[in-house]
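**Student:** A single structure is presented below for examination.
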Amino acid sequence: MGMTVVEKILGRASGQRSVHAGDVVEPRVDLAMSHENAALVINQFLEIYRDSGYEPRVWDASRVAIIFDHRVPAESPKTASNQKRIREFVAKHTIEKFHDIRGDVGGICHQILPESGYVRPGFVVVGTDSHTTSHGALGAFSFGIGATEMASVWALGIAVNIEVPATIKVNVTGTFAPFVGPKDLILHLIGKLSAQGANFRVIEFHGETIKKMPTSGRLVLCNMSVEAGATSGIVPADEETLRYLRSEAEVVDPIETVLPDLDATYDRTVSIDVTNLEPQIACPHAVDNVKPVEKVAGTKVNQVVIGSCTNGRLDDLQMAAHILRDKKVARDTRMLVFPASGKIYRQAVEQGLVAEFMRAGAIVMNPGCGPCLGVHEGALGDGEVALSTTNRNFKGRMGNPNSEVYLCSPAVAAASAIAGMIVDPRKGGLH
Amino acid sequence: MAKVVLKLGDDVSTDVIYPGRYMATVLPSETPQFAFADVTEFNAKLKSSQVPPGSIIVGGRNFGCGSSREQAVSTLKGYELTIVAKDFARIFLQNSINLGLTLVTVPDIEAQEGDELEVKGEHLLNTTSGKSYATVRLPRARQAIMDAGGLIPYTRKRLLEKLQRDAH
């Protein structure tokens, strides 16, 4: 009986030749990632060791990564104190994969992990963030867990009592129309599956469209797989994965790949042809409330946000800057740009993108999660509308329950910033 | 037997249970004050001790979807609430088992605020309407954690076994 890619990865990681959906396994963890919520992980980790008679010790410090991104620079004394406590723990336990608030190595965890070469095909990756699904883009099985579960991983080095998930195969064919891309595809898929449609399942991406898609686009697909409830998204490693790891993440050591069997058993198969796919929008207040852009065209927008672990990468910024060239952000609209990492920020400076944004009236902010989770930078006023390339639009997501958030691609966001309302980027002579 | 104090629909997100702007608060002893912070009337009731321990929140499908923030569980655990829903999102379910928040999965649940509910074996009885509904067991993979009283005591036990083994 053949295995899906995740069944194979979990089999290898738990020392079993054959595992299948529904089996319970305890895989060794290759990489354990946290952000500022490491403050709670540390608390729970010390609690595990309390009265044990042993000195608390992380199972393997080289497999722990901590990245500050959710509230950077700190928005409050409370956050600053949490970050200080984490720095002290990092120093004490010699955690080298630590990314502080810096322009050289800092950024959003779901960009830092891939660009630093920390994630490899076949890895088991856990993270105290639901968008840890992102790293499936490199052929790893990568999923979100809570802080106490992470404390358990720090202590034992394994994920305890994991039920092997069933897999939905998504086969994507066709070539995207201009100004349509991975974000539109994943929004369309979430609308099709619903917010619960992939609960407790993995989404495995296949097809000619995926083969041709760069890792930056695959990260978008896997990142938002969780919005259909998926445990993880995954693109089995291929030539593009190796290209990314070698030339962008500068990995020099050997890379193994793990591929699904041809006779693997899937829960179901979904086929999508993107040839005629239109730009998609997720409307308030649910990510699966997805419509083609034309259905909401004309909706006035107070704030446009480009960035996040979903769409703050270089190709996203290039697309937005291309659309803004020689144009201005509408008078009554604010546009905020958050590059996903210091590296991307520097590349955007070198390529003149930052200057283009600022000239057009947008503000380029520091790398980080920004307003996506409603903590700081870019709060919305009562009754205001945001159009954002981020991944969630739940009520109150951007900090104000009396505001609305629409989700879209960088192309739709940039074109709409110029118009001051939601527009189709394919219209208005942008070609 | 306990009373339904809040009735919600499908896809209740952790942003609604515990808004992101309070995420700098992490300790289980401090998170309860922000439970359903934007459902202001219910939050006020919780904070003024008008909701007795064991009281029930009824949700629809996919309860606890979205962010992995564990505060969304510790904030409810702080009031010893019970959550009855048609089903739960994965990370919220695991976090609840890990922290010992009581969840009951009832795919066909029908209940209104003020109804009295009671778990009887494999069923949940709405004593107000007189209707009985089948419950679904929590994942068997996690039974050992539930039996140990949560993930911290469970991991502590496994860790000590490992450390003692390594010492020999």
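Residue names in the structure tokens use chain letters A, B, ... in the order shown, residue numbers from 1 in each chain, and ligand numbers from 1 in the order shown.
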Would you pick out the contacts of A:Ser81 at 10 Å or less, using only C-alpha atoms, so that residues sharing its chain but fewer than 6 positions from it are not included, and give the list as a ChimeraX atom specification?
**Tutor:** /A:39,74,87 /B:24
**Student:** Just list the residues in stretch 4-40 of chain B DSSP gives strand (DSSP E or B) on the backbone, as a PyMOL selection string.
**Tutor:** chain B and resi 4-7+13
**Student:** Skipping near chain neighbours, those fewer than 2 positions away, what residues fall within 12 Å of A:Asp382 using only C-alpha atoms, listed as a list of chain:residue names?
**Tutor:**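 Residues near the query, excluding close chain neighbours: A:Asn302, A:Ala379, A:Leu380, A:Glu384, A:Val385, A:Ala386, A:Gly396, A:Met398, A:Gly399, A:Asn400, A:Pro401, A:Asn402, A:Ser403, A:Glu404.
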**Student:** Write out the residues from the selection above, keeping C-alpha atoms, as a PDB file, in the first residue's frame.
**Tutor:**
```
ATOM      1  CA  ASN A 302      -9.222  53.266   3.847  1.00  0.00           C
ATOM      2  CA  ALA A 379      -4.841  50.014  13.546  1.00  0.00           C
ATOM      3  CA  LEU A 380      -8.184  50.705  11.847  1.00  0.00           C
ATOM      4  CA  GLU A 384     -12.967  51.583   8.293  1.00  0.00           C
ATOM      5  CA  VAL A 385     -12.131  49.075   5.576  1.00  0.00           C
ATOM      6  CA  ALA A 386      -8.740  47.475   4.988  1.00  0.00           C
ATOM      7  CA  GLY A 396     -11.398  42.213  15.054  1.00  0.00           C
ATOM      8  CA  MET A 398      -6.667  43.981  12.740  1.00  0.00           C
ATOM      9  CA  GLY A 399      -7.450  45.175  16.256  1.00  0.00           C
ATOM     10  CA  ASN A 400     -10.842  46.814  15.835  1.00  0.00           C
ATOM     11  CA  PRO A 401     -14.018  44.680  15.886  1.00  0.00           C
ATOM     12  CA  ASN A 402     -15.851  47.580  14.240  1.00  0.00           C
ATOM     13  CA  SER A 403     -13.758  47.435  11.066  1.00  0.00           C
ATOM     14  CA  GLU A 404     -13.681  45.214   7.993  1.00  0.00           C
TER      15      GLU A 404
END
```
**Student:** Residues of chain A no more than 7 Å from chain B, counting only C-alpha atoms: send them over as a PDB file with N, CA and C atoms, in the first residue's frame.
**Tutor:**
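New file selection_36.pdb:
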```pdb
ATOM      1  N   VAL A  24      -1.022   6.133  15.039  1.00  0.00           N
ATOM      2  CA  VAL A  24      -0.491   7.077  16.014  1.00  0.00           C
ATOM      3  C   VAL A  24       1.024   6.912  16.079  1.00  0.00           C
ATOM      4  N   LEU A  40       5.740  32.054  26.764  1.00  0.00           N
ATOM      5  CA  LEU A  40       4.865  31.062  27.397  1.00  0.00           C
ATOM      6  C   LEU A  40       5.481  29.664  27.316  1.00  0.00           C
ATOM      7  N   ILE A  48       7.463  21.840  33.464  1.00  0.00           N
ATOM      8  CA  ILE A  48       7.684  20.399  33.267  1.00  0.00           C
ATOM      9  C   ILE A  48       8.822  19.920  34.169  1.00  0.00           C
ATOM     10  N   TYR A  49       9.850  20.740  34.293  1.00  0.00           N
ATOM     11  CA  TYR A  49      11.039  20.359  35.076  1.00  0.00           C
ATOM     12  C   TYR A  49      10.888  20.618  36.579  1.00  0.00           C
ATOM     13  N   LYS A  78       5.358  45.426  28.420  1.00  0.00           N
ATOM     14  CA  LYS A  78       5.081  44.008  28.665  1.00  0.00           C
ATOM     15  C   LYS A  78       5.775  43.138  27.610  1.00  0.00           C
ATOM     16  N   THR A  79       5.588  43.499  26.336  1.00  0.00           N
ATOM     17  CA  THR A  79       6.238  42.765  25.252  1.00  0.00           C
ATOM     18  C   THR A  79       7.757  42.859  25.365  1.00  0.00           C
ATOM     19  N   THR A 128       5.034  27.183  17.045  1.00  0.00           N
ATOM     20  CA  THR A 128       3.913  27.695  17.840  1.00  0.00           C
ATOM     21  C   THR A 128       3.248  28.839  17.093  1.00  0.00           C
ATOM     22  N   ASP A 129       2.842  28.529  15.889  1.00  0.00           N
ATOM     23  CA  ASP A 129       2.149  29.501  15.055  1.00  0.00           C
ATOM     24  C   ASP A 129       1.373  28.712  14.016  1.00  0.00           C
ATOM     25  N   SER A 130       0.118  29.062  13.825  1.00  0.00           N
ATOM     26  CA  SER A 130      -0.719  28.252  12.943  1.00  0.00           C
ATOM     27  C   SER A 130      -0.217  28.280  11.489  1.00  0.00           C
ATOM     28  N   GLY A 144       1.394  23.601  12.991  1.00  0.00           N
ATOM     29  CA  GLY A 144       1.299  24.462  14.157  1.00  0.00           C
ATOM     30  C   GLY A 144       0.900  23.688  15.396  1.00  0.00           C
ATOM     31  N   ILE A 145       1.466  24.100  16.533  1.00  0.00           N
ATOM     32  CA  ILE A 145       1.126  23.505  17.818  1.00  0.00           C
ATOM     33  C   ILE A 145       1.005  24.620  18.852  1.00  0.00           C
ATOM     34  N   GLY A 146       0.467  24.286  20.022  1.00  0.00           N
ATOM     35  CA  GLY A 146       0.365  25.260  21.104  1.00  0.00           C
ATOM     36  C   GLY A 146       1.661  25.334  21.897  1.00  0.00           C
ATOM     37  N   ALA A 147       1.704  26.282  22.813  1.00  0.00           N
ATOM     38  CA  ALA A 147       2.932  26.549  23.567  1.00  0.00           C
ATOM     39  C   ALA A 147       3.297  25.393  24.507  1.00  0.00           C
ATOM     40  N   SER A 152       6.790  20.540  25.552  1.00  0.00           N
ATOM     41  CA  SER A 152       6.960  19.087  25.569  1.00  0.00           C
ATOM     42  C   SER A 152       7.999  18.654  24.526  1.00  0.00           C
ATOM     43  N   ALA A 155      11.430  19.413  25.684  1.00  0.00           N
ATOM     44  CA  ALA A 155      11.891  18.476  26.716  1.00  0.00           C
ATOM     45  C   ALA A 155      12.244  17.112  26.115  1.00  0.00           C
ATOM     46  N   LEU A 156      11.404  16.622  25.192  1.00  0.00           N
ATOM     47  CA  LEU A 156      11.527  15.231  24.733  1.00  0.00           C
ATOM     48  C   LEU A 156      12.133  15.080  23.329  1.00  0.00           C
ATOM     49  N   ASN A 161       2.231  11.393  20.547  1.00  0.00           N
ATOM     50  CA  ASN A 161       0.879  10.955  20.175  1.00  0.00           C
ATOM     51  C   ASN A 161       0.270  11.715  19.004  1.00  0.00           C
ATOM     52  N   ILE A 162       0.956  11.684  17.879  1.00  0.00           N
ATOM     53  CA  ILE A 162       0.458  12.353  16.673  1.00  0.00           C
ATOM     54  C   ILE A 162      -0.310  11.350  15.820  1.00  0.00           C
ATOM     55  N   GLU A 163      -1.538  11.713  15.470  1.00  0.00           N
ATOM     56  CA  GLU A 163      -2.309  10.865  14.568  1.00  0.00           C
ATOM     57  C   GLU A 163      -1.934  11.224  13.125  1.00  0.00           C
ATOM     58  N   GLN A 196     -13.463  24.699   6.961  1.00  0.00           N
ATOM     59  CA  GLN A 196     -13.323  23.447   7.706  1.00  0.00           C
ATOM     60  C   GLN A 196     -13.027  22.266   6.793  1.00  0.00           C
ATOM     61  N   ASN A 199     -10.013  20.131   7.560  1.00  0.00           N
ATOM     62  CA  ASN A 199      -9.711  19.899   8.982  1.00  0.00           C
ATOM     63  C   ASN A 199      -9.067  18.530   9.212  1.00  0.00           C
ATOM     64  N   PHE A 200      -7.980  18.513   9.968  1.00  0.00           N
ATOM     65  CA  PHE A 200      -7.265  17.286  10.337  1.00  0.00           C
ATOM     66  C   PHE A 200      -6.674  16.562   9.123  1.00  0.00           C
ATOM     67  N   GLY A 229      -8.432  24.781   7.254  1.00  0.00           N
ATOM     68  CA  GLY A 229      -8.385  23.860   8.396  1.00  0.00           C
ATOM     69  C   GLY A 229      -7.266  22.844   8.333  1.00  0.00           C
ATOM     70  N   LEU A 373      -2.170  41.018  12.863  1.00  0.00           N
ATOM     71  CA  LEU A 373      -2.876  40.438  14.009  1.00  0.00           C
ATOM     72  C   LEU A 373      -3.342  41.497  14.985  1.00  0.00           C
ATOM     73  N   GLY A 374      -3.385  42.749  14.541  1.00  0.00           N
ATOM     74  CA  GLY A 374      -4.034  43.782  15.341  1.00  0.00           C
ATOM     75  C   GLY A 374      -3.310  44.174  16.603  1.00  0.00           C
ATOM     76  N   VAL A 375      -1.995  44.101  16.581  1.00  0.00           N
ATOM     77  CA  VAL A 375      -1.250  44.429  17.787  1.00  0.00           C
ATOM     78  C   VAL A 375      -0.763  45.876  17.765  1.00  0.00           C
ATOM     79  N   PHE A 394     -10.797  37.676  10.186  1.00  0.00           N
ATOM     80  CA  PHE A 394     -11.797  37.461  11.231  1.00  0.00           C
ATOM     81  C   PHE A 394     -12.168  38.799  11.877  1.00  0.00           C
ATOM     82  N   LYS A 395     -13.362  38.832  12.427  1.00  0.00           N
ATOM     83  CA  LYS A 395     -13.821  40.050  13.099  1.00  0.00           C
ATOM     84  C   LYS A 395     -12.792  40.478  14.148  1.00  0.00           C
ATOM     85  N   GLY A 396     -12.354  41.700  14.076  1.00  0.00           N
ATOM     86  CA  GLY A 396     -11.398  42.213  15.054  1.00  0.00           C
ATOM     87  C   GLY A 396      -9.954  41.852  14.776  1.00  0.00           C
ATOM     88  N   ARG A 397      -9.703  41.138  13.684  1.00  0.00           N
ATOM     89  CA  ARG A 397      -8.364  40.645  13.397  1.00  0.00           C
ATOM     90  C   ARG A 397      -7.326  41.772  13.407  1.00  0.00           C
ATOM     91  N   GLY A 399      -7.433  44.428  15.005  1.00  0.00           N
ATOM     92  CA  GLY A 399      -7.450  45.175  16.256  1.00  0.00           C
ATOM     93  C   GLY A 399      -8.732  45.907  16.574  1.00  0.00           C
ATOM     94  N   PRO A 401     -12.875  45.510  16.296  1.00  0.00           N
ATOM     95  CA  PRO A 401     -14.018  44.680  15.886  1.00  0.00           C
ATOM     96  C   PRO A 401     -15.038  45.446  15.055  1.00  0.00           C
TER      97      PRO A 401
END
```
**Student:** Hey, which of B:Tyr79, B:Phe42, B:Phe36, B:Tyr133 ends up closest to B:Tyr18? Count only C-alpha atoms.
**Tutor:** B:Phe36
**Student:** For B:Lys86, which residue out of B:Thr128, B:Glu41, B:Lys47, B:Val136 is the nearest one, using only C-alpha atoms?
**Tutor:** B:Val136
**Student:** So that I can check the surroundings of A:Ala230, please list as a VMD selection string every protein, DNA and RNA residue that reaches within 6 Å of it, counting only C-alpha atoms and ignoring chain neighbours fewer than 2 positions away.
**Tutor:** chain A and resid 198 to 202 225 to 226 228 232
**Student:** Restricted to C-alpha atoms, what would the selected residues look like written as a short mmCIF file (atom, residue, chain, number, x, y, z; two decimals), in the first residue's frame?
**Tutor:**
```
data_model
loop_
_atom_site.label_atom_id
_atom_site.label_comp_id
_atom_site.auth_asym_id
_atom_site.auth_seq_id
_atom_site.Cartn_x
_atom_site.Cartn_y
_atom_site.Cartn_z
CA ALA A 198 -9.47 20.22 5.18
CA ASN A 199 -9.71 19.90 8.98
CA PHE A 200 -7.27 17.29 10.34
CA ARG A 201 -5.99 16.69 6.81
CA VAL A 202 -2.93 17.57 4.76
CA SER A 225 -3.73 25.89 3.68
CA VAL A 226 -4.48 26.27 7.39
CA ALA A 228 -9.16 25.56 5.08
CA SER A 232 -0.36 21.30 6.75
#
```
**Student:** Which polymer residues have any atom within 7 Å of an atom of A:Ile168, counting only C-alpha atoms, with same-chain residues fewer than 6 positions away left out, as a count of residues only?
**Tutor:** 8
**Student:** Could you tell me which of A:Thr215, A:Ser409, A:Thr241, A:Thr299 comes closest to A:Phe179 if we count only C-alpha atoms?
**Tutor:**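 Among the listed residues, the smallest separation from A:Phe179 belongs to A:Ser409.
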**Student:** Atom CA of B:Met1 to atom CA of B:Glu118: how many Å, to one decimal?
**Tutor:**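 Going from atom CA of B:Met1 over to atom CA of B:Glu118 covers 4.6 Å.
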**Student:** Mind the document's chain letters and residue numbers, and return as a PyMOL selection string the residues of stretch 227-405 of chain A that DSSP labels alpha helix (DSSP H).
**Tutor:** chain A and resi 239-243+308-311+314-324+342-350+353-360
**Student:** Between A:Glu36, A:Glu75, A:Asp30, A:Asp261, which has the minimum distance to A:Ser62 (counting only C-alpha atoms)?
**Tutor:**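 Closest candidate: A:Asp30.
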